[in-house]
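Reading through the structure tokens given below for one structure.
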Amino acid sequence: MGKPELAGQTSGKKGVLDPIIALLRWTWDRLERTLLLALKIVFPSRFISPLGFLGMLTVIVFLILGITGALLLFHFQPIFGDCPPPTPGTTYVPSSTCNSAFNSVASINNQVNWGFLVRNIHYQASNAMVLLAVMHMFYQYFAGRYKLRYEILWVTGIILGVVTIIEAYTGYDLIFNIRGQLAINIGQTLTYYTPVLGANLAQIIFGFSFNDLTIRFYAFHVFIIPIIMLAIMSVHLPKNLVLDIPVASAITGIILILGGLFPVEVGVRYDPNQLTQITFPEWYFTSLYAFIRVQRLAPFIAGAIIPGIFVLIFTLVPFFDRGRKIAMIDRPFWVALGVASLGQIAIVTVWGFRASNPFQPLLSEEQLLIDPALFAGSLLIATALAYGFVYAFVRWRRAKLDALRAAKKPIPYRKVQPYFLSKGEVYSLLGGLVLLQAFLDLAIFRAFLDTLNNFALLEIGMVFVAFAATVHIYRVSVQVKY
Amino acid sequence: MSDEKKPTPQPSATPSPSAKPPAVPPQPAKQPSTAKATAISRRAFVVGALGASTLLAIGAFALPSAPSTGILGPLVPAKQGPTVVANYQTQPTSTGTDLNSKYQNAVSSGNLYALSNYSEFFYFPYPVADSPYYKNVIIRLPDPLVNPYYSNDDVLKHVAALNLTCVHLRCIVNPGYAGNPGSGEFRLQCPCHGSQYRLTDGVPVAGPAYDLGLLPLPRVTLSYDSTTGNITAKDLDGQAGIGRTD
């Protein structure tokens with residue numbers, strides 16, 4: 001009954017693939033009853049700026065994190081305690097009080113097959129997700145995409161960003177190296193100093209013992225926060241999505257390449273019986289860390305109130321910027337505010353990484369204290385300068401365009417002339433890329449045989465980037481008529 | 001008015017009647033008599049039942065959620081009772097391993113400024129596997145110093161026992177020596193942000209803990225057995241990481 005129709009469509013000939021095509025068509029028709037086809041995902045046929053779909057790239061990185069995280073689940077043990085020193089020549093039996101969390105991460109990194117790859121991808125993808133989320137926010141901010149009934153998307157996006165950072169925090173604490181432990185100390189103290197709720201909240205989030213804490217953070221990191229993120233994402237999802245396969249593939253490749261070039265260390269195992277060592281937190285926390293280190297600034301104000309105000313300002317932007325114009329040139333105040341906040345983030349992050357005397361070891365005293373006058377002064381000057389210059393520039397640009405309009409002169413704009421590859425260039429590039437991929441595949445195989453894990457990771461990443469380049473050249477060249 | 005209102009839920013609630021318009025007239029004839037008899041309209045009863053049922057359904061959770069934090073609460077391990085943490089002999093010997101002998105040996109060999117020579121770490125009242133924040137130190141105080149809480153006790157006035165979790169950001173502080181030799185500035189020093197605490201009673205004297213006016217370090221209350229020379233830890237008079245709370 002279905003077959004004659006199909007045969008009629010395919011010019012009367014019966015093909016081998018007909019039943020499969022019929023099955024696919026049958027499935028596709030039934031999928032229309034589901035939510036899947038309601039999402040309008042556009043696969044662009046030509047190159048468009050990835051800045052416009054950074055949100056989708058964040059989702060892709062979230063999926064990578066989900067997959068690698070699920071693989072890490074098989075080997076991670078959320079148990080904390082102090083280990084007895086292993087006696088040489090004996091089989092090591094972990095006792096009930098052993099820093100198994102750290103040991104299991106170390107074994108994932110060093111012993112488990114593919115463990116190094118998966119852990120490095122998970123780590124670099126977590127960095128990439130935070131970075132992409134922040135870039136996504138700032139792009140949408142400068143593009144004015146928080147007004148014109150985008151308010152709910154904007155507010156849920158801000159919440160999602162904060163939750164993403166909390167998720168990253170719970171993740172890197174789970175390793176239980178000294179860096180994670182210092183982050184736990186600070187987080188627990190900040191929660192304790194919260195007015196009214198503090199003590200109860202700290203007990204609910206951090207538990208009492210460190211073993212309790214490990215299990216709680218495990219639950220948060222693996223289940224509770226991702227579920228919250230998915231719930232917020234379902235509201236934050238816009239109707240029209242853009243999924244650009246080459247760019248997604250390139251981002252995946254870059255994450256792998258970074259993992260291969262800068263493999264993350266497991267760090268120094270945290271041992272409560274040893275002297276506290278200081279390390280700097282992850283880059284997305286150094287800004288917070290700088291505030292906490294400022295002299296005579298109470299921890300709760302530094303670590304919660306100030307960043308809270310910063311986030312609140314961004315959350316409330318759509319309710320204060322009521323104008324209907326979204327172009328940057330029409331919003332000098334908001335553009336200048338955005339650039340000033342970017343500058344502020346940059347300066348505070350640099351402060352957070354800075355020891356008082358970089359030539360002295362970090363452990364020596366008062367290396368981490370920041371002079372409040374210097375800190376606040378640099379912050380104020382940089383923010384004021386950035387704000388002033390950008391505001392003046394946007395106003396000047398605006399005045400210039402207005403003058404041109406008044407004189408009825410055409411407004412000049414740069415037209416980018418696309419470069420089209422010639423036929424020979426296309427053939428040689430595509431052939432070269434395919435050969436490169438084949439060579440890389442062999443190299444990956446070789447790297448695995450020699451257990452050169454970071455080479456393997458680097459080369460897998462390069463294969464992804466080469467694939468992205470191939471697809472891109474293909475789609476550029478099919479548009480040109482030779 | 002009321003007669004017309006009552007039947008309206010009836011047709012919508014029961015979809016079974018065959019004809020819609022004729023089904024309406026016969027019912028009003030029945031309804032008025034029952035409504036007048038019970039004095040509560042059917043709608044009011046249904047709404048009331050719905051409200052009561054909702055309240056009871058919510059109320060089912062009232063009892064389990066009432067006793068404190070329940071399932072959300074932390075797993076607090078059992079506290080250790082009085083524990084012997086150090087030994088102190090009033091007659092020091094050159095080979096003794098008690099606090100007083102170690103101190104006198106450190107003085108005679110000129111190691112007075114290395115507090116680790118005559119202090120001991122211990123975990124109390126929770127073991128290290130439960131929480132690293134319960135690391136404490138017991139120190140034989142260098143001689144001019146006296147523990148103000150035991151100034152009448154001949155032995156315990158020479159000893160201080162304090163919790164080591166910094167009340168600023170929970171780093172573990174260390175006994176050490178600050179300032180110029182000879183000024184007698186023995187302190188507990190935080191390696192993270194440079195908070196310093198007085199050795200005798202754990203009151204912050206420098207760094208962020210002093211600047212922010214935070215609480216002194218919790219003290220371990222002690223008792224001394226003169227026959228064996230054992231010093232027993234009895235209790236912690238505060239919360240680790242928060243400070244002395246009494």
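By convention in this document, the chains of the structure tokens carry letters A, B, ... by their order, each chain's residues are numbered from 1, and ligands are numbered from 1 in the order they are shown.
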Should the cut-off be 6 Å, what would the residue list for chain A against chain B look like, counting only C-alpha atoms, as a PDB file with all heavy atoms, in the first residue's frame?
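See selection.pdb below for the written result:
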```pdb
ATOM      1  N   GLY A  81      38.477  10.835  53.896  1.00  0.00           N
ATOM      2  CA  GLY A  81      39.083  10.507  55.177  1.00  0.00           C
ATOM      3  C   GLY A  81      40.567  10.655  54.994  1.00  0.00           C
ATOM      4  O   GLY A  81      41.001  11.093  53.932  1.00  0.00           O
ATOM      5  N   THR A  97      38.718   5.072  56.641  1.00  0.00           N
ATOM      6  CA  THR A  97      38.996   6.504  56.673  1.00  0.00           C
ATOM      7  C   THR A  97      40.112   6.807  55.693  1.00  0.00           C
ATOM      8  O   THR A  97      41.272   6.903  56.055  1.00  0.00           O
ATOM      9  CB  THR A  97      39.420   6.946  58.071  1.00  0.00           C
ATOM     10  OG1 THR A  97      40.591   6.223  58.404  1.00  0.00           O
ATOM     11  CG2 THR A  97      38.357   6.703  59.078  1.00  0.00           C
ATOM     12  N   ASN A 185      36.445  25.390  52.295  1.00  0.00           N
ATOM     13  CA  ASN A 185      36.575  26.241  53.491  1.00  0.00           C
ATOM     14  C   ASN A 185      35.865  27.566  53.275  1.00  0.00           C
ATOM     15  O   ASN A 185      35.064  28.008  54.108  1.00  0.00           O
ATOM     16  CB  ASN A 185      38.053  26.546  53.763  1.00  0.00           C
ATOM     17  CG  ASN A 185      38.764  25.372  54.377  1.00  0.00           C
ATOM     18  OD1 ASN A 185      38.133  24.404  54.784  1.00  0.00           O
ATOM     19  ND2 ASN A 185      40.065  25.440  54.435  1.00  0.00           N
ATOM     20  N   ILE A 186      36.182  28.211  52.135  1.00  0.00           N
ATOM     21  CA  ILE A 186      35.647  29.548  51.897  1.00  0.00           C
ATOM     22  C   ILE A 186      34.133  29.484  51.728  1.00  0.00           C
ATOM     23  O   ILE A 186      33.390  30.263  52.323  1.00  0.00           O
ATOM     24  CB  ILE A 186      36.331  30.184  50.674  1.00  0.00           C
ATOM     25  CG1 ILE A 186      37.804  30.443  51.008  1.00  0.00           C
ATOM     26  CG2 ILE A 186      35.643  31.478  50.282  1.00  0.00           C
ATOM     27  CD1 ILE A 186      38.606  31.001  49.876  1.00  0.00           C
ATOM     28  N   THR A 189      32.464  28.911  55.089  1.00  0.00           N
ATOM     29  CA  THR A 189      32.492  30.075  55.963  1.00  0.00           C
ATOM     30  C   THR A 189      31.515  31.139  55.470  1.00  0.00           C
ATOM     31  O   THR A 189      30.782  31.727  56.270  1.00  0.00           O
ATOM     32  CB  THR A 189      33.914  30.662  56.009  1.00  0.00           C
ATOM     33  OG1 THR A 189      34.834  29.586  56.123  1.00  0.00           O
ATOM     34  CG2 THR A 189      34.081  31.574  57.182  1.00  0.00           C
ATOM     35  N   GLN A 203      24.734  23.708  57.347  1.00  0.00           N
ATOM     36  CA  GLN A 203      24.619  22.294  57.703  1.00  0.00           C
ATOM     37  C   GLN A 203      23.914  21.504  56.614  1.00  0.00           C
ATOM     38  O   GLN A 203      24.259  20.356  56.354  1.00  0.00           O
ATOM     39  CB  GLN A 203      23.859  22.158  59.019  1.00  0.00           C
ATOM     40  CG  GLN A 203      24.702  22.604  60.203  1.00  0.00           C
ATOM     41  CD  GLN A 203      24.282  21.915  61.474  1.00  0.00           C
ATOM     42  OE1 GLN A 203      23.110  21.619  61.645  1.00  0.00           O
ATOM     43  NE2 GLN A 203      25.225  21.663  62.354  1.00  0.00           N
ATOM     44  N   ILE A 204      22.919  22.142  55.965  1.00  0.00           N
ATOM     45  CA  ILE A 204      22.204  21.420  54.918  1.00  0.00           C
ATOM     46  C   ILE A 204      23.104  21.240  53.693  1.00  0.00           C
ATOM     47  O   ILE A 204      23.140  20.182  53.078  1.00  0.00           O
ATOM     48  CB  ILE A 204      20.908  22.164  54.548  1.00  0.00           C
ATOM     49  CG1 ILE A 204      19.913  22.050  55.700  1.00  0.00           C
ATOM     50  CG2 ILE A 204      20.300  21.599  53.278  1.00  0.00           C
ATOM     51  CD1 ILE A 204      18.687  22.891  55.533  1.00  0.00           C
ATOM     52  N   GLY A 207      26.885  19.667  55.293  1.00  0.00           N
ATOM     53  CA  GLY A 207      26.885  18.551  56.227  1.00  0.00           C
ATOM     54  C   GLY A 207      27.777  18.814  57.413  1.00  0.00           C
ATOM     55  O   GLY A 207      28.221  19.941  57.640  1.00  0.00           O
ATOM     56  N   PHE A 208      28.084  17.790  58.167  1.00  0.00           N
ATOM     57  CA  PHE A 208      28.941  17.998  59.330  1.00  0.00           C
ATOM     58  C   PHE A 208      30.371  17.559  59.039  1.00  0.00           C
ATOM     59  O   PHE A 208      31.285  18.347  59.041  1.00  0.00           O
ATOM     60  CB  PHE A 208      28.389  17.240  60.534  1.00  0.00           C
ATOM     61  CG  PHE A 208      29.240  17.445  61.748  1.00  0.00           C
ATOM     62  CD1 PHE A 208      29.063  18.568  62.534  1.00  0.00           C
ATOM     63  CD2 PHE A 208      30.235  16.552  62.078  1.00  0.00           C
ATOM     64  CE1 PHE A 208      29.868  18.791  63.627  1.00  0.00           C
ATOM     65  CE2 PHE A 208      31.044  16.762  63.174  1.00  0.00           C
ATOM     66  CZ  PHE A 208      30.866  17.890  63.944  1.00  0.00           C
ATOM     67  N   SER A 209      30.523  16.273  58.752  1.00  0.00           N
ATOM     68  CA  SER A 209      31.880  15.793  58.534  1.00  0.00           C
ATOM     69  C   SER A 209      32.244  15.951  57.059  1.00  0.00           C
ATOM     70  O   SER A 209      31.405  16.254  56.232  1.00  0.00           O
ATOM     71  CB  SER A 209      31.969  14.332  58.936  1.00  0.00           C
ATOM     72  OG  SER A 209      31.132  13.573  58.094  1.00  0.00           O
ATOM     73  N   PHE A 210      33.521  15.737  56.743  1.00  0.00           N
ATOM     74  CA  PHE A 210      33.941  15.870  55.354  1.00  0.00           C
ATOM     75  C   PHE A 210      33.406  14.734  54.501  1.00  0.00           C
ATOM     76  O   PHE A 210      33.199  14.900  53.304  1.00  0.00           O
ATOM     77  CB  PHE A 210      35.469  15.938  55.263  1.00  0.00           C
ATOM     78  CG  PHE A 210      35.968  17.334  55.075  1.00  0.00           C
ATOM     79  CD1 PHE A 210      35.331  18.384  55.706  1.00  0.00           C
ATOM     80  CD2 PHE A 210      37.048  17.608  54.270  1.00  0.00           C
ATOM     81  CE1 PHE A 210      35.764  19.689  55.546  1.00  0.00           C
ATOM     82  CE2 PHE A 210      37.489  18.907  54.094  1.00  0.00           C
ATOM     83  CZ  PHE A 210      36.850  19.938  54.728  1.00  0.00           C
ATOM     84  N   PRO A 272      44.572  16.375  56.111  1.00  0.00           N
ATOM     85  CA  PRO A 272      44.327  17.286  57.233  1.00  0.00           C
ATOM     86  C   PRO A 272      45.487  17.354  58.222  1.00  0.00           C
ATOM     87  O   PRO A 272      45.544  18.281  59.022  1.00  0.00           O
ATOM     88  CB  PRO A 272      43.061  16.730  57.882  1.00  0.00           C
ATOM     89  CG  PRO A 272      42.868  15.400  57.309  1.00  0.00           C
ATOM     90  CD  PRO A 272      43.571  15.337  56.013  1.00  0.00           C
ATOM     91  N   ARG A 296      40.167  44.075  55.725  1.00  0.00           N
ATOM     92  CA  ARG A 296      39.062  44.723  56.436  1.00  0.00           C
ATOM     93  C   ARG A 296      37.739  44.683  55.672  1.00  0.00           C
ATOM     94  O   ARG A 296      36.895  45.536  55.826  1.00  0.00           O
ATOM     95  CB  ARG A 296      39.419  46.177  56.783  1.00  0.00           C
ATOM     96  CG  ARG A 296      40.309  46.272  58.012  1.00  0.00           C
ATOM     97  CD  ARG A 296      40.417  47.695  58.486  1.00  0.00           C
ATOM     98  NE  ARG A 296      41.297  48.471  57.643  1.00  0.00           N
ATOM     99  CZ  ARG A 296      42.628  48.371  57.685  1.00  0.00           C
ATOM    100  NH1 ARG A 296      43.210  47.537  58.526  1.00  0.00           N
ATOM    101  NH2 ARG A 296      43.368  49.097  56.906  1.00  0.00           N
ATOM    102  N   GLU A 365      53.782  34.666  55.023  1.00  0.00           N
ATOM    103  CA  GLU A 365      52.646  35.373  55.592  1.00  0.00           C
ATOM    104  C   GLU A 365      52.230  36.618  54.829  1.00  0.00           C
ATOM    105  O   GLU A 365      53.039  37.313  54.253  1.00  0.00           O
ATOM    106  CB  GLU A 365      53.012  35.795  57.007  1.00  0.00           C
ATOM    107  CG  GLU A 365      52.546  34.793  58.017  1.00  0.00           C
ATOM    108  CD  GLU A 365      53.147  35.129  59.336  1.00  0.00           C
ATOM    109  OE1 GLU A 365      52.862  36.224  59.821  1.00  0.00           O
ATOM    110  OE2 GLU A 365      53.929  34.323  59.840  1.00  0.00           O
ATOM    111  N   GLU A 366      50.974  36.912  54.892  1.00  0.00           N
ATOM    112  CA  GLU A 366      50.397  38.144  54.346  1.00  0.00           C
ATOM    113  C   GLU A 366      50.667  38.304  52.857  1.00  0.00           C
ATOM    114  O   GLU A 366      50.597  39.407  52.333  1.00  0.00           O
ATOM    115  CB  GLU A 366      50.887  39.356  55.132  1.00  0.00           C
ATOM    116  CG  GLU A 366      50.498  39.222  56.588  1.00  0.00           C
ATOM    117  CD  GLU A 366      50.746  40.484  57.382  1.00  0.00           C
ATOM    118  OE1 GLU A 366      51.220  41.459  56.777  1.00  0.00           O
ATOM    119  OE2 GLU A 366      50.459  40.484  58.578  1.00  0.00           O
ATOM    120  N   LEU A 368      48.736  37.070  50.717  1.00  0.00           N
ATOM    121  CA  LEU A 368      47.440  37.084  50.048  1.00  0.00           C
ATOM    122  C   LEU A 368      46.601  38.297  50.407  1.00  0.00           C
ATOM    123  O   LEU A 368      45.538  38.494  49.841  1.00  0.00           O
ATOM    124  CB  LEU A 368      46.670  35.812  50.398  1.00  0.00           C
ATOM    125  CG  LEU A 368      47.253  34.542  49.795  1.00  0.00           C
ATOM    126  CD1 LEU A 368      46.480  33.339  50.246  1.00  0.00           C
ATOM    127  CD2 LEU A 368      47.209  34.625  48.289  1.00  0.00           C
TER     128      LEU A 368
END
```
Close residues, stretch 333-339 of chain A itself excluded, 10 Å, only C-alpha atoms, min 2 positions apart in chain, as JSON, numbers by chain: {"A": [138, 141, 142, 143, 144, 314, 317, 321, 327, 328, 329, 330, 331, 341, 342, 343, 344, 345, 383, 384, 386, 387, 388, 389, 390, 391, 392, 393, 394, 395]}
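By chain and then residue number, the residues within 8 Å of A:Val350 are Thr286, Ser287, Ala346 and Arg354 of chain A, counting only C-alpha atoms and disregarding those fewer than 4 positions away in sequence.
From atom CA of A:His472 back to atom CA of A:Arg46, the distance works out to 8.2 Å.
Of the residues under consideration (B:Gly96, B:Pro148, B:Gly51, B:Gly229), B:Pro148 shows the shortest atom-to-atom contact distance to B:Asp201 when counting only C-alpha atoms.
Closest approach to A:Asn453 among A:Leu261, A:Ile175, A:Met129, A:Leu73 is made by A:Leu261 (distances from only C-alpha atoms).
A straight line drawn from atom CA of A:Pro332 to atom CA of A:Ile347 is 22.4 Å long.
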